[in-house]
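> See run12.cif below, with mmCIF, C-alpha atoms and all ligand atoms.
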data_work
loop_
_atom_site.label_atom_id
_atom_site.label_comp_id
_atom_site.auth_asym_id
_atom_site.auth_seq_id
_atom_site.Cartn_x
_atom_site.Cartn_y
_atom_site.Cartn_z
CA MET H 1 0.00 0.00 0.00
CA GLU H 2 1.09 3.58 -0.63
CA THR H 3 1.52 5.57 2.58
CA ILE H 4 -0.99 8.39 3.00
CA GLN H 5 -0.67 9.29 6.69
CA TYR H 6 2.44 10.04 8.71
CA ASN H 7 1.46 9.94 12.35
CA LEU H 8 3.46 10.51 15.52
CA PRO H 9 2.68 9.04 18.94
CA GLN H 10 1.28 11.32 21.65
CA SER H 11 4.67 11.32 23.40
CA HIS H 12 6.07 13.23 20.38
CA ILE H 13 3.96 16.32 21.03
CA PRO H 14 6.77 18.92 21.12
CA GLN H 15 8.19 19.76 24.55
CA THR H 16 9.06 23.31 23.52
CA TRP H 17 7.83 26.11 21.28
CA TYR H 18 10.37 27.65 18.90
CA ASN H 19 11.06 31.38 19.21
CA ILE H 20 12.45 32.72 15.94
CA LEU H 21 13.45 36.15 17.28
CA PRO H 22 16.99 35.28 18.48
CA ASP H 23 17.74 33.57 15.14
CA LEU H 24 16.76 36.50 12.92
CA PRO H 25 19.92 37.98 11.35
CA VAL H 26 18.67 41.57 11.90
CA PRO H 27 16.68 42.43 15.06
CA MET H 28 13.07 43.60 14.75
CA ALA H 29 12.09 47.21 15.49
CA PRO H 30 10.49 47.51 18.95
CA PRO H 31 6.75 48.17 19.35
CA LEU H 32 5.95 51.74 20.45
CA HIS H 33 3.54 53.09 23.05
CA PRO H 34 0.64 54.72 21.13
CA GLY H 35 0.66 57.78 23.43
CA THR H 36 4.34 58.49 24.11
CA LEU H 37 5.74 56.90 20.94
CA LYS H 38 8.53 55.47 23.14
CA PRO H 39 9.50 51.76 23.00
CA LEU H 40 6.98 49.74 24.92
CA GLY H 41 7.83 48.25 28.32
CA PRO H 42 6.27 45.08 29.77
CA ASP H 43 4.14 47.14 32.19
CA ASP H 44 2.48 48.98 29.28
CA LEU H 45 0.94 45.69 28.17
CA ALA H 46 -0.07 44.53 31.66
CA PRO H 47 -3.69 45.84 31.44
CA LEU H 48 -4.22 43.56 28.42
CA PHE H 49 -2.15 40.41 28.88
CA PRO H 50 -0.85 38.23 31.72
CA MET H 51 2.84 38.80 32.48
CA ALA H 52 3.90 35.31 31.31
CA LEU H 53 2.62 36.05 27.78
CA ILE H 54 4.18 39.53 27.82
CA MET H 55 7.53 37.94 28.70
CA GLN H 56 7.09 35.45 25.83
CA GLU H 57 6.35 38.40 23.53
CA VAL H 58 9.82 39.87 24.17
CA SER H 59 11.70 36.66 24.96
CA THR H 60 15.14 36.06 23.49
CA GLU H 61 15.14 32.37 24.49
CA ARG H 62 15.21 30.14 21.42
CA GLU H 63 13.10 27.43 23.04
CA ILE H 64 10.27 27.93 25.51
CA GLU H 65 8.98 24.97 27.47
CA ILE H 66 5.35 24.00 26.92
CA PRO H 67 3.63 23.56 30.31
CA GLY H 68 2.60 19.98 31.06
CA GLU H 69 -1.10 20.79 31.36
CA VAL H 70 -1.06 22.55 27.97
CA ARG H 71 0.63 19.50 26.38
CA GLN H 72 -1.99 17.33 28.05
CA ILE H 73 -4.79 19.36 26.42
CA TYR H 74 -2.88 19.33 23.10
CA ALA H 75 -3.15 15.53 23.34
CA GLN H 76 -6.88 15.83 22.49
CA TRP H 77 -5.80 16.26 18.86
CA ARG H 78 -2.01 16.50 18.62
CA PRO H 79 0.25 15.44 17.02
CA SER H 80 -1.87 16.30 13.98
CA PRO H 81 -1.40 14.01 10.99
CA LEU H 82 0.86 14.78 8.05
CA MET H 83 -0.91 13.59 4.92
CA ARG H 84 0.41 12.88 1.43
CA ALA H 85 -2.13 14.24 -1.09
CA ARG H 86 -1.61 11.39 -3.56
CA ARG H 87 -5.08 11.64 -5.07
CA LEU H 88 -4.60 15.36 -5.73
CA GLU H 89 -1.17 14.64 -7.25
CA LYS H 90 -2.77 12.07 -9.60
CA ALA H 91 -5.58 14.46 -10.57
CA LEU H 92 -2.98 17.07 -11.46
CA ASP H 93 -0.78 14.48 -13.21
CA THR H 94 2.20 16.10 -11.53
CA PRO H 95 5.61 14.72 -10.55
CA ALA H 96 5.34 16.94 -7.43
CA HIS H 97 4.90 15.28 -4.04
CA ILE H 98 2.31 17.20 -2.03
CA TYR H 99 2.15 16.92 1.77
CA TYR H 100 -0.15 18.72 4.16
CA LYS H 101 -0.33 19.09 7.87
CA ASN H 102 -4.00 18.74 8.82
CA GLU H 103 -4.79 21.25 11.56
CA GLY H 104 -8.49 20.81 10.72
CA VAL H 105 -8.50 17.81 13.08
CA SER H 106 -8.55 20.13 16.10
CA PRO H 107 -11.92 19.88 17.87
CA ALA H 108 -12.53 23.60 17.32
CA GLY H 109 -11.69 23.21 13.61
CA SER H 110 -8.37 24.96 13.07
CA HIS H 111 -4.79 25.68 14.14
CA LYS H 112 -6.07 28.51 16.35
CA LEU H 113 -6.53 26.08 19.25
CA ASN H 114 -2.73 25.74 19.61
CA THR H 115 -2.46 29.27 20.98
CA ALA H 116 -5.96 29.46 22.50
CA VAL H 117 -5.16 26.71 25.00
CA ALA H 118 -1.80 28.26 25.88
CA GLN H 119 -3.24 31.76 26.30
CA ALA H 120 -6.19 30.62 28.41
CA TRP H 121 -3.83 28.54 30.57
CA TYR H 122 -1.38 31.40 31.29
CA ASN H 123 -4.30 33.75 32.04
CA LYS H 124 -5.74 31.24 34.47
CA GLN H 125 -2.37 30.86 36.24
CA GLU H 126 -2.42 34.60 36.95
CA GLY H 127 -5.95 34.57 38.35
CA VAL H 128 -7.78 35.98 35.34
CA ARG H 129 -11.44 34.87 35.15
CA HIS H 130 -12.71 36.57 31.96
CA LEU H 131 -11.26 36.80 28.46
CA SER H 132 -12.39 39.13 25.72
CA THR H 133 -11.49 38.76 22.06
CA GLU H 134 -12.50 39.37 18.46
CA THR H 135 -13.02 36.87 15.68
CA GLY H 136 -13.18 37.17 11.91
CA ALA H 137 -14.48 33.95 10.40
CA GLY H 138 -15.20 32.53 13.85
CA GLN H 139 -12.35 30.01 13.91
CA TRP H 140 -10.37 31.95 16.51
CA GLY H 141 -13.48 32.65 18.59
CA SER H 142 -14.39 28.94 18.51
CA ALA H 143 -10.88 27.97 19.58
CA LEU H 144 -10.74 30.41 22.49
CA SER H 145 -14.26 29.38 23.50
CA MET H 146 -13.22 25.73 23.71
CA ALA H 147 -10.03 26.60 25.60
CA CYS H 148 -12.04 28.70 28.09
CA ALA H 149 -14.56 25.86 28.53
CA PHE H 150 -11.67 23.46 29.30
CA LEU H 151 -10.04 25.85 31.78
CA GLY H 152 -13.18 27.25 33.40
CA LEU H 153 -12.86 30.85 32.13
CA ASP H 154 -15.67 33.12 30.99
CA CYS H 155 -15.32 34.27 27.34
CA LYS H 156 -16.74 37.19 25.31
CA VAL H 157 -16.27 37.35 21.54
CA PHE H 158 -16.80 40.31 19.20
CA MET H 159 -17.49 38.67 15.83
CA VAL H 160 -17.10 40.69 12.61
CA ARG H 161 -20.68 41.32 11.50
CA VAL H 162 -20.31 39.99 7.97
CA SER H 163 -19.11 36.64 9.35
CA TYR H 164 -21.75 36.71 12.11
CA ASP H 165 -24.34 36.90 9.31
CA GLN H 166 -22.55 34.54 6.86
CA LYS H 167 -21.57 31.89 9.42
CA PRO H 168 -24.34 31.36 12.01
CA TYR H 169 -23.05 27.87 12.83
CA ARG H 170 -19.68 29.20 13.92
CA ARG H 171 -21.50 31.56 16.29
CA LEU H 172 -23.55 28.61 17.57
CA LEU H 173 -20.39 26.58 18.11
CA MET H 174 -19.00 29.36 20.32
CA GLN H 175 -22.29 29.58 22.20
CA THR H 176 -22.30 25.80 22.64
CA TYR H 177 -18.90 26.11 24.34
CA GLY H 178 -20.51 28.71 26.65
CA THR H 179 -19.31 31.99 25.12
CA THR H 180 -21.23 35.27 24.74
CA VAL H 181 -20.99 36.48 21.11
CA TYR H 182 -21.67 40.04 19.87
CA PRO H 183 -21.75 41.10 16.20
CA SER H 184 -19.13 43.83 15.66
CA PRO H 185 -19.57 46.78 15.34
CA SER H 186 -21.80 46.38 18.40
CA ASP H 187 -23.67 48.60 20.81
CA GLN H 188 -21.56 47.18 23.66
CA THR H 189 -18.68 49.63 23.30
CA GLU H 190 -18.25 53.34 22.72
CA PHE H 191 -16.17 52.65 19.60
CA GLY H 192 -18.77 50.23 18.20
CA ARG H 193 -21.55 52.77 18.76
CA LYS H 194 -19.49 55.46 16.99
CA VAL H 195 -18.92 53.22 13.94
CA LEU H 196 -22.62 52.27 13.84
CA ALA H 197 -23.67 55.93 14.04
CA GLU H 198 -21.53 56.67 10.97
CA ASP H 199 -22.61 53.56 9.05
CA PRO H 200 -25.46 51.45 10.48
CA ASN H 201 -24.78 48.78 7.79
CA CYS H 202 -21.04 48.55 8.42
CA PRO H 203 -19.92 44.93 7.68
CA GLY H 204 -17.21 45.26 10.32
CA SER H 205 -13.56 44.34 10.13
CA LEU H 206 -11.02 42.60 12.33
CA GLY H 207 -9.52 46.01 13.14
CA ILE H 208 -12.88 47.28 14.49
CA ALA H 209 -13.57 44.07 16.42
CA ILE H 210 -10.12 44.22 18.05
CA SER H 211 -10.83 47.79 19.19
CA GLU H 212 -14.12 46.64 20.72
CA ALA H 213 -12.56 43.68 22.51
CA ILE H 214 -9.77 45.87 23.91
CA GLU H 215 -12.28 48.51 25.07
CA ASN H 216 -14.35 45.77 26.70
CA THR H 217 -11.19 44.53 28.46
CA VAL H 218 -10.03 47.84 29.87
CA THR H 219 -13.53 48.80 31.05
CA HIS H 220 -14.17 45.46 32.84
CA PRO H 221 -11.87 44.72 35.80
CA GLY H 222 -10.72 41.11 36.01
CA THR H 223 -10.84 40.78 32.22
CA LYS H 224 -7.84 40.31 29.94
CA TYR H 225 -7.60 40.45 26.19
CA SER H 226 -6.60 37.58 23.94
CA LEU H 227 -5.43 37.92 20.33
CA GLY H 228 -5.60 35.04 17.85
CA SER H 229 -2.77 36.07 15.54
CA VAL H 230 -0.14 38.74 14.74
CA LEU H 231 1.80 38.90 18.04
CA ASN H 232 5.10 37.11 18.69
CA HIS H 233 3.69 34.86 21.43
CA VAL H 234 0.87 33.71 19.14
CA CYS H 235 3.30 32.81 16.35
CA LEU H 236 5.45 31.09 18.99
CA HIS H 237 2.60 28.81 20.14
CA GLN H 238 1.86 27.78 16.56
CA THR H 239 5.36 26.40 15.99
CA VAL H 240 4.24 23.00 17.27
CA ILE H 241 2.90 22.57 13.71
CA GLY H 242 6.29 22.98 12.04
CA GLU H 243 8.19 21.04 14.71
CA GLU H 244 5.92 18.04 14.20
CA ALA H 245 6.05 18.46 10.41
CA ILE H 246 9.87 18.32 10.40
CA GLU H 247 9.76 14.96 12.20
CA GLN H 248 6.95 13.65 9.98
CA MET H 249 8.73 14.70 6.76
CA GLU H 250 11.77 12.78 8.03
CA GLN H 251 9.47 9.79 8.53
CA ALA H 252 8.37 10.21 4.90
CA GLY H 253 12.04 10.36 3.87
CA GLU H 254 11.64 13.71 2.10
CA GLU H 255 12.47 17.37 2.56
CA PRO H 256 10.21 20.10 1.24
CA ASP H 257 11.35 22.37 -1.56
CA ILE H 258 8.46 24.72 -0.81
CA VAL H 259 6.51 25.36 2.42
CA VAL H 260 3.17 27.10 1.92
CA GLY H 261 0.64 28.74 4.23
CA CYS H 262 -2.16 31.26 3.89
CA VAL H 263 -1.74 34.55 5.76
CA GLY H 264 -4.24 36.68 7.62
CA GLY H 265 -2.36 37.95 10.65
CA GLY H 266 0.41 35.45 9.89
CA SER H 267 0.21 32.85 12.66
CA ASN H 268 -0.42 29.58 10.79
CA LEU H 269 2.30 30.41 8.26
CA ALA H 270 4.61 31.21 11.17
CA GLY H 271 3.57 27.94 12.79
CA ILE H 272 4.49 25.71 9.88
CA ALA H 273 7.33 27.83 8.49
CA PHE H 274 9.36 29.28 11.37
CA PRO H 275 10.94 25.92 12.33
CA PHE H 276 11.91 25.48 8.65
CA ILE H 277 13.25 29.05 8.55
CA ARG H 278 15.40 28.09 11.56
CA LYS H 279 16.91 25.38 9.34
CA LYS H 280 17.38 27.96 6.56
CA ILE H 281 19.24 30.26 8.93
CA THR H 282 21.21 27.75 10.99
CA GLU H 283 21.76 24.88 8.51
CA GLY H 284 21.84 26.80 5.22
CA LYS H 285 18.77 25.02 3.83
CA SER H 286 17.16 26.62 0.79
CA TYR H 287 13.43 26.04 1.28
CA ARG H 288 11.10 28.48 -0.45
CA ILE H 289 8.51 29.74 2.02
CA LEU H 290 5.34 31.01 0.37
CA ALA H 291 2.75 33.23 2.11
CA VAL H 292 -0.60 33.31 0.29
CA GLU H 293 -3.11 36.12 0.74
CA PRO H 294 -6.33 37.36 -0.90
CA ILE H 295 -5.90 39.86 -3.74
CA SER H 296 -8.59 41.99 -2.05
CA CYS H 297 -6.58 42.29 1.18
CA PRO H 298 -3.00 42.18 -0.16
CA THR H 299 -1.10 43.13 2.98
CA LEU H 300 2.29 41.65 2.09
CA THR H 301 2.22 42.04 -1.67
CA LYS H 302 0.82 45.60 -1.81
CA GLY H 303 1.14 46.92 1.76
CA GLU H 304 3.77 49.28 3.10
CA LEU H 305 6.28 48.34 5.81
CA ARG H 306 5.88 50.92 8.57
CA TYR H 307 4.64 51.50 12.10
CA ASP H 308 0.87 51.08 12.33
CA PHE H 309 -1.81 50.19 14.83
CA GLY H 310 -3.13 46.65 15.11
CA ASP H 311 -6.73 47.86 15.40
CA ALA H 312 -9.02 50.38 13.71
CA ALA H 313 -9.40 52.76 16.67
CA GLY H 314 -5.65 53.14 17.27
CA MET H 315 -5.66 51.67 20.79
CA THR H 316 -2.95 49.02 20.35
CA PRO H 317 0.80 49.62 20.43
CA LEU H 318 2.37 50.72 17.16
CA MET H 319 4.09 47.80 15.45
CA THR H 320 6.35 47.67 12.40
CA MET H 321 4.48 45.60 9.88
CA TYR H 322 3.30 45.43 6.31
CA THR H 323 0.00 47.26 6.42
CA LEU H 324 -2.77 48.56 4.19
CA GLY H 325 -3.52 51.20 6.86
CA HIS H 326 -5.42 50.51 10.08
CA ASP H 327 -8.55 52.16 8.64
CA PHE H 328 -8.52 49.89 5.53
CA MET H 329 -11.95 48.27 5.11
CA PRO H 330 -11.44 44.97 3.27
CA PRO H 331 -14.19 43.73 0.93
CA SER H 332 -16.55 41.14 2.48
CA ILE H 333 -14.78 38.09 1.05
CA HIS H 334 -15.57 34.62 2.35
CA ALA H 335 -12.15 33.96 3.85
CA GLY H 336 -13.03 36.21 6.79
CA GLY H 337 -9.89 35.20 8.68
CA LEU H 338 -7.73 36.82 5.99
CA ARG H 339 -9.48 40.22 6.14
CA TYR H 340 -6.84 41.94 8.23
CA HIS H 341 -5.07 45.19 7.31
CA GLY H 342 -1.73 44.25 8.87
CA MET H 343 0.73 41.38 9.16
CA SER H 344 2.52 39.86 12.12
CA PRO H 345 5.70 41.92 12.76
CA ALA H 346 7.77 38.70 12.82
CA VAL H 347 6.36 37.50 9.47
CA SER H 348 6.74 41.03 8.06
CA HIS H 349 10.37 41.11 9.18
CA ALA H 350 11.12 37.69 7.69
CA TYR H 351 9.45 38.83 4.45
CA LYS H 352 11.56 41.98 4.33
CA LEU H 353 14.71 39.91 4.90
CA GLY H 354 13.77 37.73 1.90
CA LEU H 355 13.14 34.62 4.01
CA ILE H 356 9.49 34.49 2.85
CA GLU H 357 7.83 35.20 -0.53
CA GLY H 358 4.27 36.44 -1.00
CA ILE H 359 1.55 35.82 -3.57
CA ALA H 360 -2.10 36.97 -3.78
CA TYR H 361 -5.14 35.30 -5.41
CA PRO H 362 -8.74 36.31 -6.17
CA GLN H 363 -11.35 34.32 -4.26
CA ARG H 364 -12.96 32.49 -7.21
CA SER H 365 -9.68 30.82 -8.14
CA VAL H 366 -9.28 29.94 -4.45
CA PHE H 367 -12.65 28.18 -4.32
CA GLU H 368 -11.88 26.37 -7.59
CA ALA H 369 -8.75 24.97 -5.92
CA ALA H 370 -10.58 24.20 -2.66
CA VAL H 371 -13.29 22.26 -4.53
CA LEU H 372 -10.69 20.22 -6.43
CA PHE H 373 -9.04 19.44 -3.10
CA ALA H 374 -12.37 18.35 -1.60
CA ARG H 375 -13.13 16.13 -4.61
CA THR H 376 -9.74 14.44 -4.54
CA GLU H 377 -8.75 14.39 -0.86
CA GLY H 378 -12.23 14.37 0.66
CA LEU H 379 -11.55 17.19 3.11
CA VAL H 380 -13.43 20.44 2.64
CA PRO H 381 -10.89 23.14 3.46
CA ALA H 382 -11.62 26.41 5.23
CA PRO H 383 -11.68 29.18 2.59
CA GLU H 384 -8.58 30.64 4.26
CA SER H 385 -6.71 27.35 3.74
CA GLY H 386 -8.02 27.30 0.16
CA HIS H 387 -5.59 30.15 -0.55
CA ALA H 388 -2.64 27.92 0.32
CA ILE H 389 -4.12 25.12 -1.81
CA ARG H 390 -4.41 27.45 -4.83
CA ALA H 391 -0.69 28.20 -4.59
CA VAL H 392 0.19 24.52 -4.05
CA ILE H 393 -1.78 23.48 -7.14
CA ASP H 394 -0.11 26.17 -9.24
CA GLU H 395 3.34 25.04 -8.05
CA ALA H 396 2.44 21.40 -8.80
CA ILE H 397 1.28 22.35 -12.31
CA LYS H 398 4.55 24.27 -12.83
CA ALA H 399 6.45 21.15 -11.73
CA ARG H 400 4.55 19.14 -14.38
CA GLU H 401 5.31 21.72 -17.08
CA GLU H 402 8.99 21.79 -16.13
CA GLY H 403 9.08 17.99 -15.77
CA ARG H 404 10.65 18.34 -12.30
CA LYS H 405 9.85 16.57 -9.07
CA LYS H 406 9.17 19.08 -6.33
CA VAL H 407 8.25 18.38 -2.72
CA ILE H 408 5.57 20.76 -1.51
CA LEU H 409 4.38 21.01 2.09
CA PHE H 410 1.47 23.15 3.16
CA ASN H 411 -0.56 23.80 6.26
CA LEU H 412 -4.24 22.96 5.98
CA SER H 413 -5.05 25.48 8.69
CA GLY H 414 -8.68 24.44 9.17
CA HIS H 415 -11.67 22.56 7.80
CA GLY H 416 -14.52 24.34 6.06
CA LEU H 417 -17.52 22.32 7.20
CA LEU H 418 -18.99 25.43 8.80
CA ASP H 419 -18.21 27.47 5.68
CA LEU H 420 -20.48 25.51 3.35
CA ALA H 421 -22.65 28.59 2.69
CA ALA H 422 -19.60 30.11 1.01
CA TYR H 423 -19.19 26.94 -1.08
CA ASN H 424 -22.87 27.24 -2.01
CA THR H 425 -22.27 30.77 -3.28
CA TYR H 426 -19.38 29.46 -5.40
CA LEU H 427 -21.16 26.33 -6.65
CA THR H 428 -24.22 28.32 -7.72
CA GLY H 429 -22.04 30.71 -9.73
CA LYS H 430 -22.75 33.70 -7.51
CA LEU H 431 -19.29 34.20 -6.05
CA GLN H 432 -17.68 37.49 -7.08
CA ASP H 433 -13.96 38.06 -6.90
CA GLU H 434 -14.51 40.99 -4.51
C1 LIG S 1 -8.67 28.45 9.07
C2 LIG S 1 -7.88 29.72 9.15
N1 LIG S 1 -6.71 29.78 8.50
C3 LIG S 1 -5.97 30.91 8.53
C4 LIG S 1 -6.39 32.03 9.20
C5 LIG S 1 -5.57 33.26 9.14
O1 LIG S 1 -4.96 33.62 10.32
P1 LIG S 1 -3.43 33.45 10.55
O2 LIG S 1 -2.73 34.19 9.44
O3 LIG S 1 -3.19 34.03 11.87
O4 LIG S 1 -3.14 32.00 10.48
C6 LIG S 1 -7.59 32.01 9.92
C7 LIG S 1 -8.03 33.17 10.68
O5 LIG S 1 -9.09 33.23 11.25
C8 LIG S 1 -8.35 30.81 9.88
O6 LIG S 1 -9.51 30.73 10.53
#
Represent the supplied structure as structure tokens.

Amino acid sequence: METIQYNLPQSHIPQTWYNILPDLPVPMAPPLHPGTLKPLGPDDLAPLFPMALIMQEVSTEREIEIPGEVRQIYAQWRPSPLMRARRLEKALDTPAHIYYKNEGVSPAGSHKLNTAVAQAWYNKQEGVRHLSTETGAGQWGSALSMACAFLGLDCKVFMVRVSYDQKPYRRLLMQTYGTTVYPSPSDQTEFGRKVLAEDPNCPGSLGIAISEAIENTVTHPGTKYSLGSVLNHVCLHQTVIGEEAIEQMEQAGEEPDIVVGCVGGGSNLAGIAFPFIRKKITEGKSYRILAVEPISCPTLTKGELRYDFGDAAGMTPLMTMYTLGHDFMPPSIHAGGLRYHGMSPAVSHAYKLGLIEGIAYPQRSVFEAAVLFARTEGLVPAPESGHAIRAVIDEAIKAREEGRKKVILFNLSGHGLLDLAAYNTYLTGKLQDE
């Protein structure tokens, strides 16, 4: 039989997360306080995050130990399988070997659970009882909801209105885990009310929802804020994906030529790619790392590298990142998790240093790729993950045209079983590119 799955035993759940910061050949610019414009100190972040996560944010340790209880919860779904997409390879008649890490096996549906569990755990250690967050497509909100249910924390989620309307089942999943969900912009915060007064039909954006969640945090004592992407500690927690993938690729007896991930705030790409970038930096490997984004929210490929806010209201620290401007209102595309104006500072930095390449696709070509993947591999990908699949298919076709074997690895960041309304729009010919 041909091998399809490369599985690791539970004991091989990584013991440590990989911190890329000390390995970067040029240090990153520091985040700035939004009021004083001076470099941010740990105390400036204390109203929002527990100190352990703030220390991870600025850590210069290459490896950070994963607490035993977090590893124990990871064991509900980790190590996630590495799959060889042989049926897709055959359909494309390509000499390329295509592998994917399936993060869609997480009970909440995506890679987001890797950081949700860690963040909820560190908050709990420091006595926090309530967490407040935003969610785009609902994957992050679902993940934090499940983590809070496991650790006995109360959770509030501001869900971008367009996704709240497009994805009622994701909202119901969060509510099933016990979370309170508000459509954003909402009437719960001063900023939400201001946005609604200007545009009662505003579809919302991740930037607006972040502002609402932060306002909710600072106006409710005992509450901390949790972010599902962008920040260093979030990228750090996701590196379990790449660490496992390195071991599983060894099991398969291959090394990737290309590592691919979709990018919204940058965390799943960081998760699969940073451990491979470590090998690029420290072992001289020459992997191509490909970040795939929507053409309608082209942060890396069309954005500017500069200091900008992480949210729409300008409440977060200023971070150096590729950005379309914190007031950019992305079109209401179906990959809601990729509708973010900025990019993780660490991913932005790696991109600027030439360690990562970027490419952008329109959403119809993404759904075409996602449907081919579903019909060959059986798994219906999240529309976000469909972006990575589009790029993988194009690379596999190029390999066929050039008559060259290429090994391609990508991160299937989540399943799309709660995104079937978006597939319906595509299958009935109603999907527009913007
Ligand atoms: C399934 C899935 N993939 C990818 C993303 C993009 O986020 P990130 O770039 O942080 O991985 C999201 C965001 O919600 C998502 O839900």
> Given only C-alpha atoms and all ligand atoms as the basis, pick out the residue of H:Thr135, H:Ser211, H:Gln72, H:Asn216 nearest to ligand LIG 1 (chain S).
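For ligand LIG 1 (chain S), the nearest of the given residues is H:Thr135.
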> As a ChimeraX atom specification, please: every protein or nucleic acid residue near ligand LIG 1 (chain S) (cut-off 7 Å, counting all atoms listed in the file).
/H:110-111,135-140,228-230,262-269,336-338,382,384-385,413-415
> Go through stretch 241-278 of chain H residue by residue and, counting all atoms listed in the file, keep those with an atom at most 9 Å from stretch 15-27 of chain H; for each kept residue give the shortest atom pair and its distance in Å to one decimal, ordered by chain and increasing number, as CSV.

residue,atom,partner,partner_atom,distance
H:Glu243,CA,H:Tyr18,CA,8.1
H:Phe274,CA,H:Ile20,CA,6.5
H:Pro275,CA,H:Tyr18,CA,6.8
H:Ile277,CA,H:Ile20,CA,8.3
H:Arg278,CA,H:Asp23,CA,7.0
> Write out, as a short mmCIF file (atom, residue, chain, number, x, y, z; two decimals), in the frame of the given file, the residues just selected, with C-alpha atoms.

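The resulting file, again_4.cif, is shown below:
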data_model
loop_
_atom_site.label_atom_id
_atom_site.label_comp_id
_atom_site.auth_asym_id
_atom_site.auth_seq_id
_atom_site.Cartn_x
_atom_site.Cartn_y
_atom_site.Cartn_z
CA GLU H 243 8.19 21.04 14.71
CA PHE H 274 9.36 29.28 11.37
CA PRO H 275 10.94 25.92 12.33
CA ILE H 277 13.25 29.05 8.55
CA ARG H 278 15.40 28.09 11.56
#
> If you count only C-alpha atoms, which residues fall within 10 Å of H:Ala120, apart from same-chain ones fewer than 4 positions away, as a ChimeraX atom specification?
/H:50,70,115-116,124-125,128-131,144-153,155,224,226
> Just how far from atom CA of H:His326 is atom CA of H:Ile359, in Å to one decimal?
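Separation of atom CA of H:Ile359 and atom CA of H:His326: 21.2 Å.
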> One number please: atom CA of H:Leu353 to atom CA of H:Met315, in Å, one decimal.
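Between atom CA of H:Leu353 and atom CA of H:Met315 the gap works out to 28.4 Å.
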> Show me a table, sorted first by chain and then by increasing residue number, of the residues of stretch 236-349 of chain H having an atom at most 7 Å from stretch 73-86 of chain H, each with its shortest atom pair and the distance in Å to one decimal, counting all atoms listed in the file and written as a Markdown table.

| residue | atom | partner | partner_atom | distance |
| --- | --- | --- | --- | --- |
| H:Glu244 | CA | H:Pro79 | CA | 6.8 |
| H:Ala245 | CA | H:Leu82 | CA | 6.8 |
| H:Gln248 | CA | H:Leu82 | CA | 6.5 |
> Tell me which of H:Val117, H:Ala96, H:Ile397, H:Leu173 sits closest to H:Pro67, counting all atoms listed in the file.
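Nearest candidate to H:Pro67 out of H:Val117, H:Ala96, H:Ile397, H:Leu173: H:Val117.
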> Rank H:Ile13, H:Met329, H:Val371, H:Ala391 by their smallest atom-to-atom distance to H:Ile66, using only C-alpha atoms, and report the top residue only.
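The closest residue to H:Ile66 is H:Ile13.
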> Tell me which residues come within 9 Å of (7.1, 45.0, 12.2), as a PyMOL selection string, counting only C-alpha atoms in the file's coordinates.
chain H and resi 28-31+305-308+318-322+343-349
> Can you measure atom CA of H:Arg339 to atom CA of H:Lys352 for me? One decimal in Å is fine.
21.2 Å
> Restricting the calculation to only C-alpha atoms, which member of H:Asn424, H:Thr223, H:Ser286, H:Asn123 is positioned closest to H:Leu355?
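Closest to H:Leu355, using only C-alpha atoms: H:Ser286.
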